file upload.csv (CSV, C-alpha atoms)
chain,number,residue,atom,x,y,z
A,1,MET,CA,-21.1,-127.4,82.6
A,2,ALA,CA,-23.7,-127.7,79.9
A,3,LYS,CA,-27.3,-128.2,81.0
A,4,PHE,CA,-29.9,-130.2,79.1
A,5,LYS,CA,-33.2,-132.1,79.3
A,6,ILE,CA,-33.2,-135.9,78.8
A,7,CYS,CA,-36.2,-137.1,77.0
A,8,PRO,CA,-38.0,-139.8,79.1
A,9,GLU,CA,-39.2,-141.4,75.9
A,10,CYS,CA,-36.1,-141.8,73.7
A,11,GLY,CA,-33.2,-140.6,75.9
A,12,LYS,CA,-32.2,-137.7,73.7
A,13,ARG,CA,-30.4,-134.8,75.3
A,14,ASN,CA,-32.3,-131.7,74.4
A,15,PRO,CA,-31.5,-128.0,74.9
A,16,THR,CA,-33.0,-126.6,78.1
A,17,SER,CA,-35.3,-124.3,76.2
A,18,MET,CA,-37.1,-127.2,74.3
A,19,LEU,CA,-40.7,-128.0,75.2
A,20,GLU,CA,-40.7,-131.0,72.9
A,21,CYS,CA,-38.0,-133.6,72.1
A,22,LEU,CA,-36.2,-132.9,68.9
A,23,ASP,CA,-36.3,-136.6,68.0
A,24,CYS,CA,-39.6,-138.1,69.1
A,25,GLU,CA,-41.6,-134.9,70.0
A,26,MET,CA,-42.2,-136.1,73.5
A,27,ASP,CA,-43.6,-133.3,75.8
A,28,LEU,CA,-40.6,-132.0,77.9
A,29,SER,CA,-42.4,-129.2,79.7
A,30,ASP,CA,-42.2,-131.1,83.0
A,31,VAL,CA,-38.8,-132.7,82.5
A,32,PRO,CA,-36.2,-131.3,84.9
A,33,VAL,CA,-33.0,-129.7,83.6
A,34,THR,CA,-29.9,-131.7,84.5
A,35,ASP,CA,-26.2,-132.0,83.7
A,36,GLU,CA,-23.4,-134.7,83.7
A,37,ASP,CA,-22.7,-134.4,87.4
A,38,GLU,CA,-26.4,-135.0,88.3
A,39,ILE,CA,-26.5,-138.1,86.0
A,40,LYS,CA,-23.4,-139.5,87.7
A,41,LYS,CA,-25.0,-139.2,91.1
A,42,GLN,CA,-28.0,-141.4,90.0
A,43,PRO,CA,-28.0,-145.0,91.2
A,44,SER,CA,-26.2,-147.4,88.8
A,45,GLN,CA,-28.3,-150.0,87.0
A,46,ALA,CA,-25.3,-152.2,86.3
A,47,ASP,CA,-26.7,-155.0,88.4
A,48,ASN,CA,-29.9,-155.3,86.4
A,49,ASN,CA,-30.1,-158.3,84.0
A,50,THR,CA,-32.2,-156.4,81.5
A,51,ALA,CA,-32.9,-152.8,80.4
A,52,THR,CA,-35.5,-151.3,78.1
A,53,VAL,CA,-35.1,-149.1,75.1
A,54,LYS,CA,-37.8,-147.6,72.9
A,55,VAL,CA,-38.3,-148.8,69.4
A,56,ARG,CA,-40.8,-148.3,66.6
A,57,VAL,CA,-42.1,-151.7,65.4
A,58,CYS,CA,-43.0,-151.7,61.7
A,59,GLU,CA,-46.6,-153.0,61.2
A,60,GLU,CA,-45.8,-154.1,57.7
A,61,CYS,CA,-42.7,-156.4,58.3
A,62,GLY,CA,-42.2,-156.4,62.1
A,63,GLU,CA,-38.8,-154.8,62.0
A,64,LYS,CA,-37.7,-153.0,65.2
A,65,ASN,CA,-36.5,-149.5,64.3
A,66,PRO,CA,-34.8,-146.7,66.2
A,67,VAL,CA,-37.4,-144.5,68.0
A,68,ASN,CA,-36.4,-141.5,65.8
A,69,ALA,CA,-36.9,-143.4,62.5
A,70,ARG,CA,-39.6,-142.1,60.2
A,71,LYS,CA,-39.4,-145.0,57.7
A,72,CYS,CA,-38.8,-148.6,58.3
A,73,ARG,CA,-35.1,-149.5,57.6
A,74,GLN,CA,-36.2,-153.0,56.4
A,75,CYS,CA,-39.1,-152.3,54.0
A,76,GLY,CA,-39.3,-148.5,53.7
A,77,GLU,CA,-42.9,-148.3,55.2
A,78,ASP,CA,-43.9,-145.0,56.8
A,79,ILE,CA,-43.7,-145.6,60.6
A,80,SER,CA,-43.9,-141.9,61.7
A,81,ASP,CA,-47.3,-142.6,63.3
A,82,VAL,CA,-46.3,-145.8,65.1
A,83,VAL,CA,-46.2,-145.4,68.9
A,84,PRO,CA,-42.8,-146.3,70.3
A,85,THR,CA,-42.8,-149.4,72.6
A,86,ASP,CA,-40.4,-150.9,75.1
A,87,ASP,CA,-37.9,-153.5,73.9
A,88,LEU,CA,-35.9,-155.6,76.3
A,89,VAL,CA,-32.1,-155.7,75.8
A,90,ALA,CA,-29.4,-157.5,77.7
A,91,SER,CA,-27.6,-155.4,80.3
A,92,ASN,CA,-25.2,-157.8,81.9
A,93,ASP,CA,-21.4,-158.0,82.4
A,94,GLU,CA,-20.7,-158.9,78.8
A,95,THR,CA,-18.6,-156.4,76.9
A,96,THR,CA,-20.5,-154.1,74.6
A,97,HIS,CA,-19.2,-153.9,71.0
A,98,TYR,CA,-19.6,-150.9,68.8
A,99,VAL,CA,-19.2,-151.6,65.1
A,100,MET,CA,-19.4,-149.4,62.0
A,101,ALA,CA,-20.3,-151.4,58.9
A,102,SER,CA,-20.4,-149.7,55.5
A,103,ILE,CA,-23.7,-150.0,53.6
A,104,ASP,CA,-21.9,-151.5,50.6
A,105,GLY,CA,-20.5,-154.3,52.7
A,106,ALA,CA,-16.9,-153.4,51.8
A,107,TYR,CA,-15.7,-152.2,55.1
A,108,THR,CA,-16.3,-152.9,58.8
A,109,MET,CA,-14.5,-151.4,61.9
A,110,GLU,CA,-15.0,-152.1,65.6
A,111,LEU,CA,-14.4,-149.1,67.8
A,112,THR,CA,-11.8,-149.9,70.4
A,113,GLU,CA,-11.2,-146.4,71.8
A,114,CYS,CA,-13.4,-144.0,73.7
A,115,ASN,CA,-12.8,-141.2,71.2
A,116,SER,CA,-12.3,-141.9,67.5
A,117,ILE,CA,-11.8,-139.2,64.8
A,118,ILE,CA,-13.3,-140.3,61.5
A,119,GLY,CA,-12.1,-138.8,58.2
A,120,ARG,CA,-10.1,-139.1,55.0
A,121,GLU,CA,-6.9,-138.6,57.0
A,122,ASN,CA,-7.9,-140.2,60.2
A,123,MET,CA,-9.6,-143.5,61.2
A,124,MET,CA,-11.2,-145.5,58.4
A,125,LYS,CA,-9.0,-143.5,55.9
A,126,GLU,CA,-8.3,-146.7,54.0
A,127,TYR,CA,-12.0,-146.7,53.0
A,128,LEU,CA,-12.8,-143.0,53.1
A,129,SER,CA,-9.8,-141.7,51.1
A,130,GLY,CA,-11.7,-142.1,47.9
A,131,LYS,CA,-14.8,-140.3,49.2
A,132,ALA,CA,-14.5,-136.7,48.1
A,133,TYR,CA,-17.5,-135.5,50.1
A,134,VAL,CA,-15.9,-136.7,53.4
A,135,SER,CA,-13.7,-134.2,55.1
A,136,ARG,CA,-10.2,-135.0,56.3
A,137,ARG,CA,-11.4,-134.6,59.9
A,138,HIS,CA,-15.1,-135.2,59.5
A,139,ALA,CA,-16.7,-136.5,62.7
A,140,GLU,CA,-15.9,-138.0,66.1
A,141,LEU,CA,-17.3,-141.1,67.6
A,142,ILE,CA,-17.5,-141.1,71.4
A,143,VAL,CA,-18.2,-144.0,73.7
A,144,GLU,CA,-19.3,-142.6,77.1
A,145,GLU,CA,-21.1,-144.3,80.0
A,146,GLY,CA,-22.1,-147.3,77.8
A,147,LYS,CA,-23.5,-145.1,75.0
A,148,LEU,CA,-22.2,-144.2,71.6
A,149,PHE,CA,-22.3,-140.6,70.3
A,150,LEU,CA,-21.4,-138.9,67.0
A,151,LYS,CA,-20.0,-135.4,67.0
A,152,ASP,CA,-19.8,-133.5,63.8
A,153,CYS,CA,-16.4,-131.8,63.5
A,154,GLY,CA,-17.6,-128.9,61.3
A,155,ALA,CA,-17.4,-131.0,58.2
A,156,THR,CA,-18.1,-129.1,54.9
A,157,ASN,CA,-20.7,-131.6,53.7
A,158,HIS,CA,-22.1,-132.4,57.2
A,159,SER,CA,-22.9,-135.6,58.9
A,160,TYR,CA,-26.4,-137.3,58.8
A,161,VAL,CA,-28.1,-139.8,61.1
A,162,ASN,CA,-31.1,-141.5,59.7
A,163,ASN,CA,-31.1,-138.9,56.9
A,164,GLU,CA,-31.3,-136.0,59.4
A,165,MET,CA,-28.4,-133.5,59.5
A,166,VAL,CA,-26.4,-133.3,62.7
A,167,PRO,CA,-25.7,-129.6,63.3
A,168,GLN,CA,-22.0,-128.7,63.0
A,169,ASN,CA,-20.0,-129.3,66.2
A,170,SER,CA,-23.1,-130.8,67.8
A,171,THR,CA,-23.3,-134.3,69.4
A,172,LYS,CA,-26.0,-136.9,68.8
A,173,GLU,CA,-26.5,-140.3,70.5
A,174,LEU,CA,-26.4,-143.3,68.2
A,175,HIS,CA,-28.5,-146.5,68.5
A,176,ASP,CA,-28.2,-150.0,67.0
A,177,GLY,CA,-29.3,-149.9,63.4
A,178,ASP,CA,-28.9,-146.2,62.8
A,179,ILE,CA,-27.7,-145.1,59.4
A,180,ILE,CA,-24.9,-142.6,59.3
A,181,GLY,CA,-24.0,-140.6,56.2
A,182,PHE,CA,-20.6,-138.9,56.2
A,183,GLY,CA,-20.8,-136.1,53.6
A,184,GLY,CA,-24.2,-136.9,52.2
A,185,ASN,CA,-27.8,-137.9,52.8
A,186,GLU,CA,-30.3,-139.9,50.9
A,187,ILE,CA,-32.3,-138.0,48.2
A,188,ASN,CA,-35.3,-139.6,46.6
A,189,GLY,CA,-34.0,-143.0,47.7
A,190,LYS,CA,-30.6,-142.5,46.2
A,191,ARG,CA,-27.3,-142.1,48.1
A,192,GLN,CA,-24.4,-139.9,46.9
A,193,GLU,CA,-21.5,-141.8,45.4
A,194,GLN,CA,-18.8,-139.5,46.9
A,195,ALA,CA,-20.3,-139.7,50.4
A,196,ALA,CA,-19.9,-142.7,52.8
A,197,TYR,CA,-22.7,-144.5,54.5
A,198,PHE,CA,-22.5,-146.8,57.5
A,199,VAL,CA,-24.9,-148.8,59.7
A,200,VAL,CA,-24.3,-148.8,63.5
A,201,ARG,CA,-24.2,-152.2,65.2
A,202,ILE,CA,-24.2,-152.2,69.0
A,203,GLY,CA,-24.3,-155.4,71.1
A,204,SER,CA,-22.5,-157.9,73.3
A,205,CYS,CA,-22.2,-160.4,70.5
A,206,ILE,CA,-21.8,-159.1,67.0
call {"tool": "encode", "arguments": {"input": "upload.csv", "output": "structure tokens"}}
result
Amino acid sequence: MAKFKICPECGKRNPTSMLECLDCEMDLSDVPVTDEDEIKKQPSQADNNTATVKVRVCEECGEKNPVNARKCRQCGEDISDVVPTDDLVASNDETTHYVMASIDGAYTMELTECNSIIGRENMMKEYLSGKAYVSRRHAELIVEEGKLFLKDCGATNHSYVNNEMVPQNSTKELHDGDIIGFGGNEINGKRQEQAAYFVVRIGSCI
């Protein structure tokens, strides 16, 4: 079973050899190595009414951004030097919804399965069929233990989260507000027409 280090700052699963978190650069030198079995043995927090997540709050407009964001998704301000802070989120018995909404506003899909293959010949094909940079089997969206993950399926033109490439056949946790690029990233503020871009929405009421 794969071993990893969970960043105490942002929750990212890092390779065991990492001394700093790949997302937020938190010091991992004293973080213990763990695996899925060890996580399952930990006490459940299902009875808590609230939970905390880390966010970067833009000093310019006040937008709450994912902890790994380097620019504010609302105003574009550089927030790379903003210290992540705790943000309270509901953690009750309400059903969590996972929604993929295209940036152009033309398509929205709620994930109803634990594993969903995304591509021109799979889920969302009605929207992705005209996007030449998206592979037929591009990526997999995985819902596991109340979290959403993206796994790149070895796509020719790669998958991007917040403009950072996800290594082929690797998995990355997604957070509310993350921007996913299937087949392209953003270059000098411009998105590639033949790629597909989505914003992730996670919540009990969407």
call {"tool": "residues_around", "arguments": {"input": "upload.csv", "residues": "Glu25 of chain A", "least_positions_apart": "6", "cutoff": "12 Å", "atoms": "all atoms listed in the file", "output": "PyMOL selection string"}}
result
chain A and resi 7-12+14+18-19+67-68+80-81+83-84
call {"tool": "atom_distance", "arguments": {"input": "upload.csv", "atom1": "atom CA of Glu121 of chain A", "atom2": "atom CA of Gln194 of chain A"}}
result
15.6 Å
call {"tool": "closest_residue", "arguments": {"input": "upload.csv", "among": "A:Gly189, A:Val143, A:Asp30, A:Tyr133", "to": "Glu110 of chain A", "atoms": "all atoms listed in the file"}}
result
A:Val143
call {"tool": "residues_near_point", "arguments": {"input": "upload.csv", "point": "(-44.8, -145.9, 64.3)", "cutoff": "10 Å", "atoms": "only C-alpha atoms", "output": "PDB file with C-alpha atoms, in the frame of the given file"}}
result
ATOM      1  CA  VAL A  55     -38.300-148.800  69.400  1.00  0.00           C
ATOM      2  CA  ARG A  56     -40.800-148.300  66.600  1.00  0.00           C
ATOM      3  CA  VAL A  57     -42.100-151.700  65.400  1.00  0.00           C
ATOM      4  CA  CYS A  58     -43.000-151.700  61.700  1.00  0.00           C
ATOM      5  CA  GLU A  59     -46.600-153.000  61.200  1.00  0.00           C
ATOM      6  CA  ASN A  65     -36.500-149.500  64.300  1.00  0.00           C
ATOM      7  CA  VAL A  67     -37.400-144.500  68.000  1.00  0.00           C
ATOM      8  CA  ASN A  68     -36.400-141.500  65.800  1.00  0.00           C
ATOM      9  CA  ALA A  69     -36.900-143.400  62.500  1.00  0.00           C
ATOM     10  CA  ARG A  70     -39.600-142.100  60.200  1.00  0.00           C
ATOM     11  CA  LYS A  71     -39.400-145.000  57.700  1.00  0.00           C
ATOM     12  CA  CYS A  72     -38.800-148.600  58.300  1.00  0.00           C
ATOM     13  CA  GLU A  77     -42.900-148.300  55.200  1.00  0.00           C
ATOM     14  CA  ASP A  78     -43.900-145.000  56.800  1.00  0.00           C
ATOM     15  CA  ILE A  79     -43.700-145.600  60.600  1.00  0.00           C
ATOM     16  CA  SER A  80     -43.900-141.900  61.700  1.00  0.00           C
ATOM     17  CA  ASP A  81     -47.300-142.600  63.300  1.00  0.00           C
ATOM     18  CA  VAL A  82     -46.300-145.800  65.100  1.00  0.00           C
ATOM     19  CA  VAL A  83     -46.200-145.400  68.900  1.00  0.00           C
ATOM     20  CA  PRO A  84     -42.800-146.300  70.300  1.00  0.00           C
ATOM     21  CA  THR A  85     -42.800-149.400  72.600  1.00  0.00           C
TER      22      THR A  85
END
call {"tool": "atom_distance", "arguments": {"input": "upload.csv", "atom1": "atom CA of Gly105 of chain A", "atom2": "atom CA of Gln168 of chain A"}}
result
27.6 Å
call {"tool": "atom_distance", "arguments": {"input": "upload.csv", "atom1": "atom CA of Thr96 of chain A", "atom2": "atom CA of Glu140 of chain A"}}
result
18.8 Å
call {"tool": "closest_residue", "arguments": {"input": "upload.csv", "among": "A:Glu144, A:Glu173, A:Glu164, A:Asp86", "to": "Asn185 of chain A", "atoms": "only C-alpha atoms"}}
result
A:Glu164
call {"tool": "residues_around", "arguments": {"input": "upload.csv", "residues": "Lys3 of chain A", "least_positions_apart": "5", "cutoff": "12 Å", "atoms": "all atoms listed in the file", "output": "ChimeraX atom specification"}}
result
/A:13-18,32-39
call {"tool": "residues_near_point", "arguments": {"input": "upload.csv", "point": "(-41.6, -156.4, 58.9)", "cutoff": "7 Å", "atoms": "all atoms listed in the file", "output": "VMD selection string"}}
result
chain A and resid 58 to 63 74 to 75
call {"tool": "closest_residue", "arguments": {"input": "upload.csv", "among": "A:Ser116, A:Thr95, A:Ser170, A:Asn163", "to": "Ile202 of chain A", "atoms": "only C-alpha atoms"}}
result
A:Thr95
call {"tool": "closest_residue", "arguments": {"input": "upload.csv", "among": "A:Lys172, A:Lys190, A:Lys54, A:Lys151", "to": "Asn115 of chain A", "atoms": "only C-alpha atoms"}}
result
A:Lys151
call {"tool": "residues_around", "arguments": {"input": "upload.csv", "residues": "Glu186 of chain A", "least_positions_apart": "3", "cutoff": "12 Å", "atoms": "only C-alpha atoms", "output": "list of chain:residue names"}}
result
A:Ser159, A:Tyr160, A:Val161, A:Asn162, A:Asn163, A:Glu164, A:Met165, A:Ile179, A:Ile180, A:Gly181, A:Phe182, A:Gly183, A:Gly189, A:Lys190, A:Arg191, A:Gln192, A:Glu193, A:Ala195, A:Ala196, A:Tyr197
call {"tool": "decode", "arguments": {"input": "upload.csv", "residues": "segment 97-126 of chain A", "atoms": "N, CA, C and O atoms", "output": "PDB file, in the first residue's frame"}}
result
ATOM      1  N   HIS A  97     -22.438  17.952  -2.184  1.00  0.00           N
ATOM      2  CA  HIS A  97     -22.583  17.919  -3.635  1.00  0.00           C
ATOM      3  C   HIS A  97     -21.258  18.323  -4.285  1.00  0.00           C
ATOM      4  O   HIS A  97     -20.580  19.237  -3.818  1.00  0.00           O
ATOM      5  N   TYR A  98     -20.934  17.624  -5.361  1.00  0.00           N
ATOM      6  CA  TYR A  98     -19.721  17.919  -6.120  1.00  0.00           C
ATOM      7  C   TYR A  98     -20.140  18.292  -7.539  1.00  0.00           C
ATOM      8  O   TYR A  98     -20.711  17.462  -8.256  1.00  0.00           O
ATOM      9  N   VAL A  99     -19.877  19.526  -7.929  1.00  0.00           N
ATOM     10  CA  VAL A  99     -20.356  20.030  -9.219  1.00  0.00           C
ATOM     11  C   VAL A  99     -19.185  20.550 -10.043  1.00  0.00           C
ATOM     12  O   VAL A  99     -18.283  21.220  -9.527  1.00  0.00           O
ATOM     13  N   MET A 100     -19.200  20.213 -11.335  1.00  0.00           N
ATOM     14  CA  MET A 100     -18.229  20.749 -12.294  1.00  0.00           C
ATOM     15  C   MET A 100     -18.977  21.733 -13.187  1.00  0.00           C
ATOM     16  O   MET A 100     -19.930  21.351 -13.882  1.00  0.00           O
ATOM     17  N   ALA A 101     -18.566  22.989 -13.176  1.00  0.00           N
ATOM     18  CA  ALA A 101     -19.232  24.020 -13.980  1.00  0.00           C
ATOM     19  C   ALA A 101     -18.227  24.611 -14.962  1.00  0.00           C
ATOM     20  O   ALA A 101     -17.160  25.091 -14.558  1.00  0.00           O
ATOM     21  N   SER A 102     -18.561  24.563 -16.250  1.00  0.00           N
ATOM     22  CA  SER A 102     -17.632  25.100 -17.253  1.00  0.00           C
ATOM     23  C   SER A 102     -17.478  26.607 -17.065  1.00  0.00           C
ATOM     24  O   SER A 102     -18.431  27.303 -16.689  1.00  0.00           O
ATOM     25  N   ILE A 103     -16.274  27.102 -17.320  1.00  0.00           N
ATOM     26  CA  ILE A 103     -15.970  28.521 -17.134  1.00  0.00           C
ATOM     27  C   ILE A 103     -16.849  29.401 -18.017  1.00  0.00           C
ATOM     28  O   ILE A 103     -17.233  30.503 -17.628  1.00  0.00           O
ATOM     29  N   ASP A 104     -17.201  28.890 -19.206  1.00  0.00           N
ATOM     30  CA  ASP A 104     -18.016  29.699 -20.122  1.00  0.00           C
ATOM     31  C   ASP A 104     -19.497  29.688 -19.761  1.00  0.00           C
ATOM     32  O   ASP A 104     -20.323  30.334 -20.417  1.00  0.00           O
ATOM     33  N   GLY A 105     -19.862  28.938 -18.709  1.00  0.00           N
ATOM     34  CA  GLY A 105     -21.247  28.915 -18.262  1.00  0.00           C
ATOM     35  C   GLY A 105     -22.181  28.068 -19.101  1.00  0.00           C
ATOM     36  O   GLY A 105     -23.395  28.052 -18.881  1.00  0.00           O
ATOM     37  N   ALA A 106     -21.620  27.323 -20.057  1.00  0.00           N
ATOM     38  CA  ALA A 106     -22.462  26.562 -20.986  1.00  0.00           C
ATOM     39  C   ALA A 106     -22.801  25.166 -20.495  1.00  0.00           C
ATOM     40  O   ALA A 106     -23.700  24.518 -21.041  1.00  0.00           O
ATOM     41  N   TYR A 107     -22.108  24.678 -19.459  1.00  0.00           N
ATOM     42  CA  TYR A 107     -22.313  23.282 -19.066  1.00  0.00           C
ATOM     43  C   TYR A 107     -22.056  23.109 -17.574  1.00  0.00           C
ATOM     44  O   TYR A 107     -21.098  23.661 -17.019  1.00  0.00           O
ATOM     45  N   THR A 108     -22.917  22.351 -16.919  1.00  0.00           N
ATOM     46  CA  THR A 108     -22.765  22.036 -15.501  1.00  0.00           C
ATOM     47  C   THR A 108     -23.108  20.569 -15.282  1.00  0.00           C
ATOM     48  O   THR A 108     -24.094  20.073 -15.843  1.00  0.00           O
ATOM     49  N   MET A 109     -22.308  19.871 -14.486  1.00  0.00           N
ATOM     50  CA  MET A 109     -22.592  18.479 -14.186  1.00  0.00           C
ATOM     51  C   MET A 109     -22.320  18.194 -12.717  1.00  0.00           C
ATOM     52  O   MET A 109     -21.270  18.564 -12.192  1.00  0.00           O
ATOM     53  N   GLU A 110     -23.278  17.541 -12.060  1.00  0.00           N
ATOM     54  CA  GLU A 110     -23.075  17.101 -10.686  1.00  0.00           C
ATOM     55  C   GLU A 110     -22.586  15.659 -10.694  1.00  0.00           C
ATOM     56  O   GLU A 110     -23.139  14.813 -11.399  1.00  0.00           O
ATOM     57  N   LEU A 111     -21.543  15.395  -9.922  1.00  0.00           N
ATOM     58  CA  LEU A 111     -21.000  14.043  -9.847  1.00  0.00           C
ATOM     59  C   LEU A 111     -21.900  13.194  -8.959  1.00  0.00           C
ATOM     60  O   LEU A 111     -22.145  13.537  -7.807  1.00  0.00           O
ATOM     61  N   THR A 112     -22.387  12.099  -9.496  1.00  0.00           N
ATOM     62  CA  THR A 112     -23.290  11.220  -8.748  1.00  0.00           C
ATOM     63  C   THR A 112     -22.668   9.849  -8.492  1.00  0.00           C
ATOM     64  O   THR A 112     -23.291   8.996  -7.874  1.00  0.00           O
ATOM     65  N   GLU A 113     -21.452   9.634  -8.979  1.00  0.00           N
ATOM     66  CA  GLU A 113     -20.767   8.367  -8.781  1.00  0.00           C
ATOM     67  C   GLU A 113     -19.423   8.609  -8.105  1.00  0.00           C
ATOM     68  O   GLU A 113     -18.860   9.700  -8.173  1.00  0.00           O
ATOM     69  N   CYS A 114     -18.916   7.579  -7.446  1.00  0.00           N
ATOM     70  CA  CYS A 114     -17.635   7.717  -6.749  1.00  0.00           C
ATOM     71  C   CYS A 114     -16.459   7.837  -7.708  1.00  0.00           C
ATOM     72  O   CYS A 114     -15.450   8.456  -7.388  1.00  0.00           O
ATOM     73  N   ASN A 115     -16.578   7.227  -8.880  1.00  0.00           N
ATOM     74  CA  ASN A 115     -15.522   7.290  -9.886  1.00  0.00           C
ATOM     75  C   ASN A 115     -16.139   7.671 -11.221  1.00  0.00           C
ATOM     76  O   ASN A 115     -17.037   6.978 -11.708  1.00  0.00           O
ATOM     77  N   SER A 116     -15.664   8.755 -11.807  1.00  0.00           N
ATOM     78  CA  SER A 116     -16.208   9.242 -13.074  1.00  0.00           C
ATOM     79  C   SER A 116     -15.068   9.524 -14.046  1.00  0.00           C
ATOM     80  O   SER A 116     -14.196  10.353 -13.768  1.00  0.00           O
ATOM     81  N   ILE A 117     -15.067   8.838 -15.176  1.00  0.00           N
ATOM     82  CA  ILE A 117     -14.066   9.069 -16.220  1.00  0.00           C
ATOM     83  C   ILE A 117     -14.544  10.220 -17.098  1.00  0.00           C
ATOM     84  O   ILE A 117     -15.658  10.206 -17.625  1.00  0.00           O
ATOM     85  N   ILE A 118     -13.693  11.227 -17.242  1.00  0.00           N
ATOM     86  CA  ILE A 118     -14.016  12.413 -18.032  1.00  0.00           C
ATOM     87  C   ILE A 118     -13.264  12.362 -19.353  1.00  0.00           C
ATOM     88  O   ILE A 118     -12.073  12.047 -19.385  1.00  0.00           O
ATOM     89  N   GLY A 119     -13.940  12.672 -20.459  1.00  0.00           N
ATOM     90  CA  GLY A 119     -13.262  12.685 -21.758  1.00  0.00           C
ATOM     91  C   GLY A 119     -14.225  12.827 -22.909  1.00  0.00           C
ATOM     92  O   GLY A 119     -15.447  12.821 -22.726  1.00  0.00           O
ATOM     93  N   ARG A 120     -13.688  12.930 -24.120  1.00  0.00           N
ATOM     94  CA  ARG A 120     -14.512  13.144 -25.310  1.00  0.00           C
ATOM     95  C   ARG A 120     -15.409  11.956 -25.631  1.00  0.00           C
ATOM     96  O   ARG A 120     -16.397  12.107 -26.353  1.00  0.00           O
ATOM     97  N   GLU A 121     -15.079  10.775 -25.095  1.00  0.00           N
ATOM     98  CA  GLU A 121     -15.916   9.601 -25.331  1.00  0.00           C
ATOM     99  C   GLU A 121     -16.422   9.013 -24.013  1.00  0.00           C
ATOM    100  O   GLU A 121     -16.823   7.855 -23.952  1.00  0.00           O
ATOM    101  N   ASN A 122     -16.401   9.824 -22.953  1.00  0.00           N
ATOM    102  CA  ASN A 122     -16.882   9.372 -21.653  1.00  0.00           C
ATOM    103  C   ASN A 122     -17.793  10.444 -21.062  1.00  0.00           C
ATOM    104  O   ASN A 122     -18.505  11.118 -21.801  1.00  0.00           O
ATOM    105  N   MET A 123     -17.803  10.591 -19.742  1.00  0.00           N
ATOM    106  CA  MET A 123     -18.679  11.576 -19.128  1.00  0.00           C
ATOM    107  C   MET A 123     -18.344  12.984 -19.603  1.00  0.00           C
ATOM    108  O   MET A 123     -17.187  13.313 -19.829  1.00  0.00           O
ATOM    109  N   MET A 124     -19.384  13.785 -19.788  1.00  0.00           N
ATOM    110  CA  MET A 124     -19.322  15.162 -20.272  1.00  0.00           C
ATOM    111  C   MET A 124     -18.982  15.225 -21.756  1.00  0.00           C
ATOM    112  O   MET A 124     -18.590  16.270 -22.272  1.00  0.00           O
ATOM    113  N   LYS A 125     -19.120  14.074 -22.475  1.00  0.00           N
ATOM    114  CA  LYS A 125     -18.772  14.054 -23.890  1.00  0.00           C
ATOM    115  C   LYS A 125     -19.628  15.004 -24.714  1.00  0.00           C
ATOM    116  O   LYS A 125     -19.187  15.495 -25.763  1.00  0.00           O
ATOM    117  N   GLU A 126     -20.861  15.259 -24.246  1.00  0.00           N
ATOM    118  CA  GLU A 126     -21.721  16.179 -24.984  1.00  0.00           C
ATOM    119  C   GLU A 126     -21.135  17.587 -25.034  1.00  0.00           C
ATOM    120  O   GLU A 126     -21.396  18.344 -25.961  1.00  0.00           O
TER     121      GLU A 126
END
